[in-house]
Number of protein chains: 2
Amino acid sequence: MSANSRLTIAAHALAWIGLYQRQGHEVATSEQVAASANTNPVVVRRLLGELRRAGLVESRRGAGAGWSLARELGSITLLDVYEAVEPGPLFAMHRTTPDQGCVVGHGIQPAMRGIYQDIEETLRHELARVTLEKVLRDVLAAPRQPL
Amino acid sequence: MSANSRLTIAAHALAWIGLYQRQGHEVATSEQVAASANTNPVVVRRLLGELRRAGLVESRRGAGAGWSLARELGSITLLDVYEAVEPGPLFAMHRTTPDQGCVVGHGIQPAMRGIYQDIEETLRHELARVTLEKVLRDVLAAPRQPL
DNA sequence: CCTGTCGTAACGATTATGGTTACGACGGCC
DNA sequence: GGCCGTCGTAACCATAATCGTTACGACAGG
């Protein structure tokens, strides 16, 4: 499917910022998040920008600038993040219109549209069950490095 | 997500072949299916080849060659087709290893892996609920062209 | 005014998809 | 045995998305 890591990186960023704020800090910088995710600050700023448009985070400019959560981790779900950073549908229709003179060509798109809608609805429901609070909890539950 | 149409075209091909066989024909050619789906015969052959590897269809070569179902439409589910034509996972991890010295960087991948596994399991369950028999039924139920 | 960070444009590398052409392999049929 | 239609598959290209990177203006606090 040529999956992408946008949802993963966005969740990583939110978890990082949430934990950082619980440690008493006001804002986190894209550079800090990028260092943790081992990627480029611009990639982080782009994704956080989409999360800001969705009302999940806020940004401050100027000196001492950075990012902060606009909502509690417990009130943000993976569905919120998914909708913020993943534009299109899960499955695509034909790139060109099927032969409308053929019975199958005529009926296939309405049929698949209905089926895909049900499936995506279920996916959204599953994503909505996972809060970023749970993500951070799972992150912190990972076994420590053995020495 | 840059969704693709592989599942859609594969389902289209199976429905077309199934209906064609119910009309008394032995085999269907990639050219016929491609005409209905309004794409190139090679694209159809490539997808049908993957379905053949999964044991869903059979192909005959030589004169009077073509494709036929290896199973009844009622015993093929969208999950079978999905697994045959969609290689990767739905969501990807980071392209590079996150900073293992950071608590979040260290725990994020195990955490997301578990969450993604649950979600994909639900998706597979939903796909398994839809048989190609139902797809064809929905296709034939599409409203006829009004004149 | 200086400095650190955001915001965003621009570009390139990489990858997946899908369309196309080409051609050998195969197997019924005359 | 040769012909012909179809599969099987390689090769190539166009397109698009993602991700990394560089660059630079905008902004605000000290």
# chains A, B, ... in the order shown; residues from 1 in each chain; ligands from 1
$ select_by_dssp --residues "range 70-102 of chain B" --states "alpha helix (DSSP H)" --output "PyMOL selection string"
chain B and resi 78-85
$ write_last_selection --atoms "C-alpha atoms" --output "CSV table (one decimal), in the first residue's frame"
chain,number,residue,atom,x,y,z
B,78,LEU,CA,-12.4,-9.0,0.1
B,79,LEU,CA,-9.8,-10.0,2.6
B,80,ASP,CA,-8.6,-12.7,0.3
B,81,VAL,CA,-8.3,-10.2,-2.5
B,82,TYR,CA,-6.7,-7.6,-0.2
B,83,GLU,CA,-4.1,-10.0,1.0
B,84,ALA,CA,-3.4,-11.0,-2.6
B,85,VAL,CA,-2.9,-7.5,-4.0
$ interface_residues --of "chain B" --to "chain D" --cutoff "10 Å" --atoms "only C-alpha atoms (C1' of nucleotides)" --output "CSV table (one decimal) with N, CA and C atoms, in the first residue's frame"
chain,number,residue,atom,x,y,z
B,1,MET,N,-3.5,9.7,1.6
B,1,MET,CA,-2.8,8.5,1.7
B,1,MET,C,-2.3,8.0,0.4
B,2,SER,N,-2.7,8.7,-0.6
B,2,SER,CA,-2.4,8.3,-2.0
B,2,SER,C,-2.9,6.8,-2.2
B,3,ALA,N,-4.2,6.7,-2.0
B,3,ALA,CA,-4.8,5.4,-2.1
B,3,ALA,C,-4.6,4.9,-3.5
B,29,THR,N,-11.1,-13.3,-21.1
B,29,THR,CA,-9.8,-12.8,-21.4
B,29,THR,C,-9.5,-11.5,-20.7
B,30,SER,N,-8.2,-11.2,-20.6
B,30,SER,CA,-7.8,-10.0,-19.9
B,30,SER,C,-8.3,-8.8,-20.7
B,31,GLU,N,-8.4,-9.0,-22.0
B,31,GLU,CA,-8.9,-7.9,-22.8
B,31,GLU,C,-10.3,-7.5,-22.6
B,42,VAL,N,-2.7,-5.4,-19.8
B,42,VAL,CA,-1.5,-5.8,-19.0
B,42,VAL,C,-1.7,-5.6,-17.5
B,45,ARG,N,-3.9,-8.4,-16.3
B,45,ARG,CA,-3.1,-9.6,-16.2
B,45,ARG,C,-2.2,-9.6,-15.0
B,46,ARG,N,-1.6,-8.5,-14.7
B,46,ARG,CA,-0.7,-8.4,-13.5
B,46,ARG,C,-1.5,-8.7,-12.3
B,49,GLY,N,-2.7,-12.2,-12.1
B,49,GLY,CA,-1.6,-13.1,-11.8
B,49,GLY,C,-1.4,-13.2,-10.3
B,59,SER,N,-5.6,-19.7,-14.8
B,59,SER,CA,-5.5,-19.2,-16.2
B,59,SER,C,-5.1,-20.4,-17.1
B,60,ARG,N,-5.6,-20.3,-18.3
B,60,ARG,CA,-5.3,-21.3,-19.4
B,60,ARG,C,-4.6,-20.6,-20.5
B,61,ARG,N,-3.6,-21.2,-21.0
B,61,ARG,CA,-2.8,-20.6,-22.1
B,61,ARG,C,-3.1,-21.3,-23.4
B,62,GLY,N,-2.5,-20.8,-24.5
B,62,GLY,CA,-2.7,-21.4,-25.8
B,62,GLY,C,-4.0,-20.8,-26.4
B,63,ALA,N,-4.5,-21.4,-27.4
B,63,ALA,CA,-5.7,-20.9,-28.1
B,63,ALA,C,-6.9,-21.1,-27.2
B,64,GLY,N,-7.9,-20.2,-27.3
B,64,GLY,CA,-9.0,-20.3,-26.4
B,64,GLY,C,-8.7,-20.1,-25.0
B,65,ALA,N,-7.6,-19.4,-24.8
B,65,ALA,CA,-7.1,-19.2,-23.4
B,65,ALA,C,-7.9,-18.1,-22.7
B,66,GLY,N,-7.6,-18.0,-21.4
B,66,GLY,CA,-8.2,-17.0,-20.6
B,66,GLY,C,-8.3,-17.4,-19.1
B,67,TRP,N,-9.1,-16.7,-18.4
B,67,TRP,CA,-9.1,-16.8,-16.9
B,67,TRP,C,-10.5,-17.4,-16.4
B,95,ARG,N,10.9,6.1,9.2
B,95,ARG,CA,11.8,5.6,8.2
B,95,ARG,C,13.2,5.3,8.8
$ calpha_fit_and_write --fixed "chain B" --moving "chain A" --output "short mmCIF file (atom, residue, chain, number, x, y, z; two decimals) with N, CA and C atoms, in the first residue's frame"
data_model
loop_
_atom_site.label_atom_id
_atom_site.label_comp_id
_atom_site.auth_asym_id
_atom_site.auth_seq_id
_atom_site.Cartn_x
_atom_site.Cartn_y
_atom_site.Cartn_z
N MET A 1 -3.59 9.69 1.66
CA MET A 1 -2.89 8.41 1.79
C MET A 1 -2.38 7.91 0.46
N SER A 2 -2.73 8.67 -0.58
CA SER A 2 -2.35 8.19 -1.89
C SER A 2 -2.86 6.78 -2.11
N ALA A 3 -4.14 6.63 -1.95
CA ALA A 3 -4.76 5.31 -2.08
C ALA A 3 -4.61 4.80 -3.51
N ASN A 4 -4.62 3.53 -3.65
CA ASN A 4 -4.54 2.94 -4.99
C ASN A 4 -5.83 2.18 -5.31
N SER A 5 -5.93 1.80 -6.57
CA SER A 5 -7.17 1.18 -7.04
C SER A 5 -7.02 -0.32 -7.24
N ARG A 6 -5.95 -0.88 -6.70
CA ARG A 6 -5.70 -2.30 -6.94
C ARG A 6 -6.83 -3.18 -6.43
N LEU A 7 -7.29 -2.91 -5.21
CA LEU A 7 -8.37 -3.73 -4.67
C LEU A 7 -9.65 -3.56 -5.50
N THR A 8 -9.91 -2.33 -5.93
CA THR A 8 -11.10 -2.06 -6.73
C THR A 8 -11.05 -2.80 -8.07
N ILE A 9 -9.92 -2.70 -8.74
CA ILE A 9 -9.81 -3.34 -10.04
C ILE A 9 -9.85 -4.86 -9.91
N ALA A 10 -9.21 -5.37 -8.87
CA ALA A 10 -9.22 -6.83 -8.68
C ALA A 10 -10.64 -7.33 -8.41
N ALA A 11 -11.38 -6.59 -7.59
CA ALA A 11 -12.76 -6.98 -7.32
C ALA A 11 -13.60 -6.89 -8.59
N HIS A 12 -13.36 -5.84 -9.36
CA HIS A 12 -14.05 -5.66 -10.64
C HIS A 12 -13.82 -6.88 -11.54
N ALA A 13 -12.56 -7.28 -11.63
CA ALA A 13 -12.21 -8.41 -12.50
C ALA A 13 -12.90 -9.69 -12.05
N LEU A 14 -12.88 -9.94 -10.73
CA LEU A 14 -13.50 -11.17 -10.23
C LEU A 14 -15.00 -11.16 -10.47
N ALA A 15 -15.62 -10.02 -10.23
CA ALA A 15 -17.06 -9.93 -10.45
C ALA A 15 -17.38 -10.15 -11.93
N TRP A 16 -16.55 -9.57 -12.79
CA TRP A 16 -16.81 -9.70 -14.23
C TRP A 16 -16.68 -11.16 -14.68
N ILE A 17 -15.60 -11.79 -14.24
CA ILE A 17 -15.37 -13.19 -14.63
C ILE A 17 -16.48 -14.07 -14.07
N GLY A 18 -16.87 -13.82 -12.81
CA GLY A 18 -17.92 -14.63 -12.20
C GLY A 18 -19.23 -14.51 -12.96
N LEU A 19 -19.61 -13.28 -13.30
CA LEU A 19 -20.85 -13.08 -14.05
C LEU A 19 -20.77 -13.72 -15.42
N TYR A 20 -19.63 -13.58 -16.06
CA TYR A 20 -19.44 -14.13 -17.41
C TYR A 20 -19.59 -15.64 -17.39
N GLN A 21 -19.04 -16.26 -16.36
CA GLN A 21 -19.14 -17.72 -16.27
C GLN A 21 -20.57 -18.15 -16.01
N ARG A 22 -21.31 -17.37 -15.24
CA ARG A 22 -22.71 -17.72 -14.98
C ARG A 22 -23.55 -17.60 -16.25
N GLN A 23 -23.02 -16.84 -17.21
CA GLN A 23 -23.73 -16.73 -18.49
C GLN A 23 -23.32 -17.85 -19.42
N GLY A 24 -22.56 -18.83 -18.91
CA GLY A 24 -22.26 -20.03 -19.69
C GLY A 24 -20.89 -20.06 -20.34
N HIS A 25 -20.10 -19.04 -20.17
CA HIS A 25 -18.79 -19.03 -20.80
C HIS A 25 -17.75 -19.74 -19.94
N GLU A 26 -16.77 -20.31 -20.63
CA GLU A 26 -15.72 -21.05 -19.92
C GLU A 26 -14.71 -20.11 -19.28
N VAL A 27 -14.11 -19.27 -20.13
CA VAL A 27 -13.03 -18.42 -19.66
C VAL A 27 -13.24 -16.98 -20.16
N ALA A 28 -12.65 -16.05 -19.45
CA ALA A 28 -12.68 -14.65 -19.83
C ALA A 28 -11.26 -14.20 -20.15
N THR A 29 -11.13 -13.28 -21.09
CA THR A 29 -9.78 -12.81 -21.44
C THR A 29 -9.48 -11.50 -20.73
N SER A 30 -8.20 -11.24 -20.57
CA SER A 30 -7.80 -10.00 -19.91
C SER A 30 -8.27 -8.79 -20.70
N GLU A 31 -8.42 -8.99 -22.00
CA GLU A 31 -8.86 -7.87 -22.83
C GLU A 31 -10.32 -7.51 -22.54
N GLN A 32 -11.14 -8.54 -22.34
CA GLN A 32 -12.54 -8.28 -22.02
C GLN A 32 -12.66 -7.55 -20.68
N VAL A 33 -11.94 -8.04 -19.69
CA VAL A 33 -12.00 -7.41 -18.38
C VAL A 33 -11.48 -5.98 -18.45
N ALA A 34 -10.38 -5.81 -19.20
CA ALA A 34 -9.78 -4.48 -19.31
C ALA A 34 -10.75 -3.51 -19.98
N ALA A 35 -11.51 -4.00 -20.95
CA ALA A 35 -12.48 -3.14 -21.62
C ALA A 35 -13.55 -2.68 -20.64
N SER A 36 -14.01 -3.58 -19.78
CA SER A 36 -15.04 -3.22 -18.81
C SER A 36 -14.48 -2.24 -17.77
N ALA A 37 -13.24 -2.45 -17.35
CA ALA A 37 -12.65 -1.59 -16.32
C ALA A 37 -12.02 -0.35 -16.93
N ASN A 38 -12.00 -0.28 -18.25
CA ASN A 38 -11.42 0.86 -18.95
C ASN A 38 -9.94 1.05 -18.58
N THR A 39 -9.20 -0.02 -18.70
CA THR A 39 -7.77 0.06 -18.44
C THR A 39 -7.05 -0.85 -19.43
N ASN A 40 -5.78 -1.09 -19.16
CA ASN A 40 -4.96 -1.85 -20.10
C ASN A 40 -4.96 -3.34 -19.74
N PRO A 41 -5.00 -4.21 -20.74
CA PRO A 41 -5.00 -5.66 -20.46
C PRO A 41 -3.82 -6.10 -19.61
N VAL A 42 -2.68 -5.44 -19.77
CA VAL A 42 -1.52 -5.85 -18.98
C VAL A 42 -1.76 -5.59 -17.50
N VAL A 43 -2.43 -4.48 -17.20
CA VAL A 43 -2.74 -4.18 -15.80
C VAL A 43 -3.62 -5.28 -15.23
N VAL A 44 -4.58 -5.72 -16.02
CA VAL A 44 -5.48 -6.79 -15.56
C VAL A 44 -4.71 -8.10 -15.40
N ARG A 45 -3.86 -8.41 -16.36
CA ARG A 45 -3.10 -9.66 -16.25
C ARG A 45 -2.20 -9.65 -15.02
N ARG A 46 -1.60 -8.51 -14.74
CA ARG A 46 -0.74 -8.43 -13.55
C ARG A 46 -1.54 -8.72 -12.27
N LEU A 47 -2.68 -8.07 -12.16
CA LEU A 47 -3.47 -8.27 -10.95
C LEU A 47 -4.02 -9.70 -10.88
N LEU A 48 -4.52 -10.19 -12.01
CA LEU A 48 -5.04 -11.56 -12.00
C LEU A 48 -3.92 -12.56 -11.71
N GLY A 49 -2.72 -12.23 -12.12
CA GLY A 49 -1.60 -13.10 -11.80
C GLY A 49 -1.39 -13.21 -10.29
N GLU A 50 -1.59 -12.08 -9.60
CA GLU A 50 -1.45 -12.13 -8.14
C GLU A 50 -2.61 -12.91 -7.52
N LEU A 51 -3.79 -12.78 -8.11
CA LEU A 51 -4.92 -13.55 -7.60
C LEU A 51 -4.73 -15.04 -7.87
N ARG A 52 -4.05 -15.35 -8.98
CA ARG A 52 -3.77 -16.77 -9.27
C ARG A 52 -2.80 -17.34 -8.24
N ARG A 53 -1.78 -16.55 -7.90
CA ARG A 53 -0.82 -17.01 -6.89
C ARG A 53 -1.52 -17.27 -5.55
N ALA A 54 -2.61 -16.52 -5.32
CA ALA A 54 -3.35 -16.70 -4.07
C ALA A 54 -4.40 -17.79 -4.19
N GLY A 55 -4.50 -18.41 -5.37
CA GLY A 55 -5.43 -19.52 -5.53
C GLY A 55 -6.87 -19.11 -5.75
N LEU A 56 -7.09 -17.88 -6.20
CA LEU A 56 -8.46 -17.41 -6.39
C LEU A 56 -8.94 -17.61 -7.83
N VAL A 57 -8.01 -17.56 -8.78
CA VAL A 57 -8.38 -17.77 -10.18
C VAL A 57 -7.36 -18.73 -10.83
N GLU A 58 -7.76 -19.22 -12.01
CA GLU A 58 -6.85 -20.05 -12.78
C GLU A 58 -6.75 -19.48 -14.18
N SER A 59 -5.63 -19.74 -14.83
CA SER A 59 -5.46 -19.25 -16.20
C SER A 59 -5.14 -20.41 -17.12
N ARG A 60 -5.58 -20.26 -18.35
CA ARG A 60 -5.33 -21.27 -19.38
C ARG A 60 -4.57 -20.58 -20.49
N ARG A 61 -3.61 -21.23 -21.04
CA ARG A 61 -2.83 -20.63 -22.12
C ARG A 61 -3.17 -21.27 -23.45
N GLY A 62 -2.48 -20.83 -24.46
CA GLY A 62 -2.73 -21.37 -25.79
C GLY A 62 -3.97 -20.76 -26.42
N ALA A 63 -4.46 -21.37 -27.46
CA ALA A 63 -5.64 -20.86 -28.15
C ALA A 63 -6.86 -21.07 -27.27
N GLY A 64 -7.82 -20.17 -27.35
CA GLY A 64 -9.00 -20.23 -26.49
C GLY A 64 -8.63 -20.09 -25.04
N ALA A 65 -7.58 -19.33 -24.80
CA ALA A 65 -7.08 -19.18 -23.44
C ALA A 65 -7.87 -18.12 -22.69
N GLY A 66 -7.57 -17.98 -21.38
CA GLY A 66 -8.24 -16.98 -20.58
C GLY A 66 -8.25 -17.36 -19.12
N TRP A 67 -9.13 -16.68 -18.38
CA TRP A 67 -9.14 -16.81 -16.92
C TRP A 67 -10.46 -17.35 -16.43
N SER A 68 -10.40 -18.15 -15.38
CA SER A 68 -11.62 -18.65 -14.75
C SER A 68 -11.44 -18.63 -13.24
N LEU A 69 -12.57 -18.65 -12.54
CA LEU A 69 -12.52 -18.64 -11.07
C LEU A 69 -12.04 -20.00 -10.57
N ALA A 70 -11.21 -19.96 -9.55
CA ALA A 70 -10.78 -21.22 -8.92
C ALA A 70 -11.68 -21.56 -7.74
N ARG A 71 -12.50 -20.58 -7.33
CA ARG A 71 -13.43 -20.78 -6.22
C ARG A 71 -14.72 -20.07 -6.54
N GLU A 72 -15.78 -20.45 -5.86
CA GLU A 72 -17.06 -19.77 -6.00
C GLU A 72 -16.93 -18.33 -5.50
N LEU A 73 -17.67 -17.43 -6.11
CA LEU A 73 -17.67 -16.03 -5.64
C LEU A 73 -18.07 -15.94 -4.18
N GLY A 74 -18.95 -16.83 -3.75
CA GLY A 74 -19.43 -16.78 -2.37
C GLY A 74 -18.37 -17.18 -1.36
N SER A 75 -17.31 -17.83 -1.81
CA SER A 75 -16.27 -18.27 -0.87
C SER A 75 -15.04 -17.38 -0.92
N ILE A 76 -15.09 -16.34 -1.76
CA ILE A 76 -13.97 -15.39 -1.83
C ILE A 76 -14.39 -14.13 -1.11
N THR A 77 -13.55 -13.64 -0.21
CA THR A 77 -13.86 -12.40 0.50
C THR A 77 -12.90 -11.30 0.06
N LEU A 78 -13.27 -10.07 0.38
CA LEU A 78 -12.40 -8.95 0.05
C LEU A 78 -11.07 -9.08 0.80
N LEU A 79 -11.07 -9.78 1.93
CA LEU A 79 -9.80 -9.99 2.63
C LEU A 79 -8.86 -10.86 1.80
N ASP A 80 -9.42 -11.90 1.16
CA ASP A 80 -8.59 -12.74 0.27
C ASP A 80 -7.97 -11.88 -0.81
N VAL A 81 -8.77 -11.02 -1.42
CA VAL A 81 -8.28 -10.18 -2.50
C VAL A 81 -7.28 -9.17 -1.97
N TYR A 82 -7.60 -8.57 -0.83
CA TYR A 82 -6.72 -7.58 -0.21
C TYR A 82 -5.35 -8.18 0.06
N GLU A 83 -5.32 -9.34 0.65
CA GLU A 83 -4.04 -9.97 0.97
C GLU A 83 -3.29 -10.36 -0.29
N ALA A 84 -4.03 -10.62 -1.36
CA ALA A 84 -3.36 -11.02 -2.60
C ALA A 84 -2.72 -9.84 -3.32
N VAL A 85 -3.33 -8.67 -3.23
CA VAL A 85 -2.85 -7.56 -4.05
C VAL A 85 -2.25 -6.39 -3.27
N GLU A 86 -2.43 -6.37 -1.93
CA GLU A 86 -1.87 -5.28 -1.14
C GLU A 86 -0.77 -5.82 -0.25
N PRO A 87 0.47 -5.45 -0.54
CA PRO A 87 1.59 -6.06 0.16
C PRO A 87 1.77 -5.56 1.60
N GLY A 88 1.92 -4.26 1.76
CA GLY A 88 2.42 -3.73 3.02
C GLY A 88 1.38 -3.51 4.09
N PRO A 89 1.82 -3.03 5.25
CA PRO A 89 0.91 -2.67 6.32
C PRO A 89 0.23 -1.34 6.02
N LEU A 90 -0.83 -1.05 6.78
CA LEU A 90 -1.62 0.15 6.55
C LEU A 90 -0.82 1.40 6.92
N PHE A 91 -0.16 1.36 8.09
CA PHE A 91 0.60 2.50 8.58
C PHE A 91 2.05 2.08 8.73
N ALA A 92 2.96 3.00 8.44
CA ALA A 92 4.38 2.69 8.52
C ALA A 92 4.98 3.29 9.77
N MET A 93 6.06 2.69 10.22
CA MET A 93 6.83 3.26 11.31
C MET A 93 7.72 4.37 10.77
N HIS A 94 8.55 4.95 11.62
CA HIS A 94 9.53 5.94 11.20
C HIS A 94 10.44 5.32 10.15
N ARG A 95 10.90 6.14 9.22
CA ARG A 95 11.83 5.62 8.20
C ARG A 95 13.19 5.33 8.82
N THR A 96 13.55 6.11 9.84
CA THR A 96 14.83 5.90 10.53
C THR A 96 14.53 5.62 11.99
N THR A 97 15.43 4.94 12.66
CA THR A 97 15.21 4.59 14.06
C THR A 97 15.17 5.84 14.93
N PRO A 98 14.11 6.00 15.72
CA PRO A 98 14.04 7.16 16.62
C PRO A 98 15.17 7.13 17.64
N ASP A 99 15.39 8.26 18.30
CA ASP A 99 16.46 8.38 19.29
C ASP A 99 16.19 7.46 20.47
N GLN A 100 16.98 6.40 20.58
CA GLN A 100 16.75 5.42 21.65
C GLN A 100 17.16 5.97 23.01
N GLY A 101 17.85 7.08 23.01
CA GLY A 101 18.20 7.69 24.29
C GLY A 101 17.06 8.52 24.88
N CYS A 102 16.04 8.76 24.06
CA CYS A 102 14.87 9.53 24.51
C CYS A 102 13.78 8.55 24.92
N VAL A 103 13.08 8.87 26.00
CA VAL A 103 12.05 7.95 26.50
C VAL A 103 10.98 7.71 25.43
N VAL A 104 10.54 8.80 24.80
CA VAL A 104 9.51 8.65 23.77
C VAL A 104 10.09 7.94 22.56
N GLY A 105 11.26 8.34 22.14
CA GLY A 105 11.89 7.70 20.98
C GLY A 105 12.09 6.21 21.19
N HIS A 106 12.32 5.83 22.42
CA HIS A 106 12.55 4.43 22.73
C HIS A 106 11.25 3.62 22.75
N GLY A 107 10.20 4.21 23.27
CA GLY A 107 8.98 3.44 23.47
C GLY A 107 7.94 3.58 22.37
N ILE A 108 8.14 4.53 21.45
CA ILE A 108 7.07 4.83 20.50
C ILE A 108 6.81 3.68 19.53
N GLN A 109 7.86 3.02 19.10
CA GLN A 109 7.63 1.98 18.08
C GLN A 109 6.90 0.76 18.64
N PRO A 110 7.32 0.21 19.79
CA PRO A 110 6.52 -0.88 20.35
C PRO A 110 5.08 -0.45 20.61
N ALA A 111 4.89 0.77 21.08
CA ALA A 111 3.54 1.24 21.39
C ALA A 111 2.68 1.28 20.13
N MET A 112 3.20 1.93 19.09
CA MET A 112 2.41 2.07 17.87
C MET A 112 2.21 0.72 17.18
N ARG A 113 3.21 -0.14 17.28
CA ARG A 113 3.07 -1.45 16.65
C ARG A 113 1.86 -2.19 17.23
N GLY A 114 1.76 -2.17 18.55
CA GLY A 114 0.64 -2.84 19.18
C GLY A 114 -0.69 -2.24 18.78
N ILE A 115 -0.74 -0.91 18.76
CA ILE A 115 -1.98 -0.23 18.40
C ILE A 115 -2.36 -0.52 16.95
N TYR A 116 -1.37 -0.43 16.06
CA TYR A 116 -1.65 -0.68 14.65
C TYR A 116 -2.09 -2.12 14.41
N GLN A 117 -1.52 -3.04 15.14
CA GLN A 117 -1.91 -4.44 14.96
C GLN A 117 -3.39 -4.62 15.26
N ASP A 118 -3.86 -4.02 16.36
CA ASP A 118 -5.27 -4.14 16.71
C ASP A 118 -6.15 -3.55 15.60
N ILE A 119 -5.74 -2.37 15.11
CA ILE A 119 -6.55 -1.70 14.11
C ILE A 119 -6.60 -2.49 12.81
N GLU A 120 -5.45 -3.00 12.39
CA GLU A 120 -5.44 -3.77 11.15
C GLU A 120 -6.22 -5.07 11.31
N GLU A 121 -6.21 -5.62 12.50
CA GLU A 121 -6.98 -6.84 12.73
C GLU A 121 -8.46 -6.55 12.52
N THR A 122 -8.91 -5.41 13.02
CA THR A 122 -10.30 -5.03 12.82
C THR A 122 -10.61 -4.81 11.34
N LEU A 123 -9.67 -4.17 10.64
CA LEU A 123 -9.87 -3.94 9.21
C LEU A 123 -10.00 -5.28 8.47
N ARG A 124 -9.13 -6.20 8.79
CA ARG A 124 -9.17 -7.50 8.13
C ARG A 124 -10.50 -8.19 8.41
N HIS A 125 -10.96 -8.05 9.63
CA HIS A 125 -12.24 -8.67 10.00
C HIS A 125 -13.37 -8.10 9.16
N GLU A 126 -13.34 -6.80 8.95
CA GLU A 126 -14.38 -6.16 8.14
C GLU A 126 -14.29 -6.61 6.69
N LEU A 127 -13.06 -6.68 6.17
CA LEU A 127 -12.89 -7.11 4.78
C LEU A 127 -13.36 -8.55 4.61
N ALA A 128 -13.18 -9.35 5.65
CA ALA A 128 -13.55 -10.76 5.55
C ALA A 128 -15.06 -10.95 5.55
N ARG A 129 -15.78 -9.92 5.96
CA ARG A 129 -17.24 -10.03 6.02
C ARG A 129 -17.88 -9.83 4.65
N VAL A 130 -17.13 -9.32 3.70
CA VAL A 130 -17.71 -9.02 2.39
C VAL A 130 -17.24 -10.06 1.38
N THR A 131 -18.16 -10.84 0.86
CA THR A 131 -17.81 -11.81 -0.17
C THR A 131 -17.95 -11.17 -1.54
N LEU A 132 -17.28 -11.75 -2.52
CA LEU A 132 -17.42 -11.27 -3.90
C LEU A 132 -18.83 -11.53 -4.42
N GLU A 133 -19.50 -12.51 -3.83
CA GLU A 133 -20.91 -12.74 -4.16
C GLU A 133 -21.73 -11.50 -3.83
N LYS A 134 -21.45 -10.94 -2.66
CA LYS A 134 -22.16 -9.70 -2.27
C LYS A 134 -21.76 -8.54 -3.18
N VAL A 135 -20.50 -8.48 -3.54
CA VAL A 135 -20.07 -7.41 -4.43
C VAL A 135 -20.85 -7.49 -5.74
N LEU A 136 -20.93 -8.69 -6.31
CA LEU A 136 -21.67 -8.83 -7.58
C LEU A 136 -23.14 -8.50 -7.39
N ARG A 137 -23.69 -8.90 -6.25
CA ARG A 137 -25.10 -8.60 -5.98
C ARG A 137 -25.31 -7.09 -5.94
N ASP A 138 -24.41 -6.39 -5.24
CA ASP A 138 -24.51 -4.93 -5.18
C ASP A 138 -24.32 -4.30 -6.56
N VAL A 139 -23.43 -4.88 -7.35
CA VAL A 139 -23.19 -4.36 -8.69
C VAL A 139 -24.47 -4.44 -9.52
N LEU A 140 -25.12 -5.59 -9.46
CA LEU A 140 -26.33 -5.79 -10.26
C LEU A 140 -27.51 -5.00 -9.71
N ALA A 141 -27.41 -4.57 -8.45
CA ALA A 141 -28.50 -3.82 -7.84
C ALA A 141 -28.44 -2.34 -8.18
N ALA A 142 -27.35 -1.91 -8.85
CA ALA A 142 -27.22 -0.49 -9.18
C ALA A 142 -28.34 -0.10 -10.13
N PRO A 143 -28.90 1.08 -9.96
CA PRO A 143 -30.04 1.53 -10.78
C PRO A 143 -29.65 1.61 -12.25
N ARG A 144 -30.57 1.16 -13.09
CA ARG A 144 -30.36 1.21 -14.53
C ARG A 144 -30.36 2.64 -15.03
N GLN A 145 -29.69 2.82 -16.15
CA GLN A 145 -29.66 4.14 -16.78
C GLN A 145 -31.09 4.57 -17.11
N PRO A 146 -31.52 5.74 -16.58
CA PRO A 146 -32.83 6.24 -17.00
C PRO A 146 -32.74 6.79 -18.42
N LEU A 147 -33.83 6.65 -19.19
CA LEU A 147 -33.80 7.18 -20.56
C LEU A 147 -34.58 8.49 -20.58
#
$ closest_atom_pairs --of "chain C" --to "chain A" --cutoff "12 Å" --atoms "only C-alpha atoms (C1' of nucleotides)" --output "CSV"
residue,atom,partner,partner_atom,distance
C:DC2,C1',A:Ala63,CA,10.4
C:DT3,C1',A:Ala63,CA,7.3
C:DG4,C1',A:Ala63,CA,5.4
C:DT5,C1',A:Ala65,CA,5.5
C:DC6,C1',A:Arg61,CA,5.5
C:DG7,C1',A:Arg45,CA,8.3
C:DT8,C1',A:Arg46,CA,9.0
C:DA9,C1',A:Val42,CA,11.8
C:DT15,C1',A:Ser2,CA,8.0
C:DA16,C1',A:Ser2,CA,6.3
C:DT17,C1',A:Ser2,CA,9.7
C:DG18,C1',A:Arg95,CA,9.0
C:DG19,C1',A:Arg95,CA,11.0
$ write_last_selection --atoms "C-alpha atoms (C1' of nucleotides)" --output "compact mmCIF listing (two decimals), in the first residue's frame"
# COMPACT_ATOMS: atom_id res chain seq x y z
C1' DC C 2 19.73 40.64 18.09
C1' DT C 3 18.57 36.16 18.35
C1' DG C 4 15.92 31.97 18.12
C1' DT C 5 12.06 29.85 16.20
C1' DC C 6 8.21 29.51 13.28
C1' DG C 7 6.14 29.40 8.48
C1' DT C 8 6.70 28.23 4.02
C1' DA C 9 8.59 27.93 -0.53
C1' DT C 15 9.12 4.95 -4.24
C1' DA C 16 4.55 3.15 -5.88
C1' DT C 17 1.19 3.05 -9.26
C1' DG C 18 -0.56 2.50 -13.63
C1' DG C 19 -0.27 2.87 -18.68
$ select_by_dssp --residues "chain B" --states "strand (DSSP E or B)" --output "JSON, numbers by chain"
{"B": [28, 57, 58, 59, 60, 66, 67, 68, 69, 77, 131]}
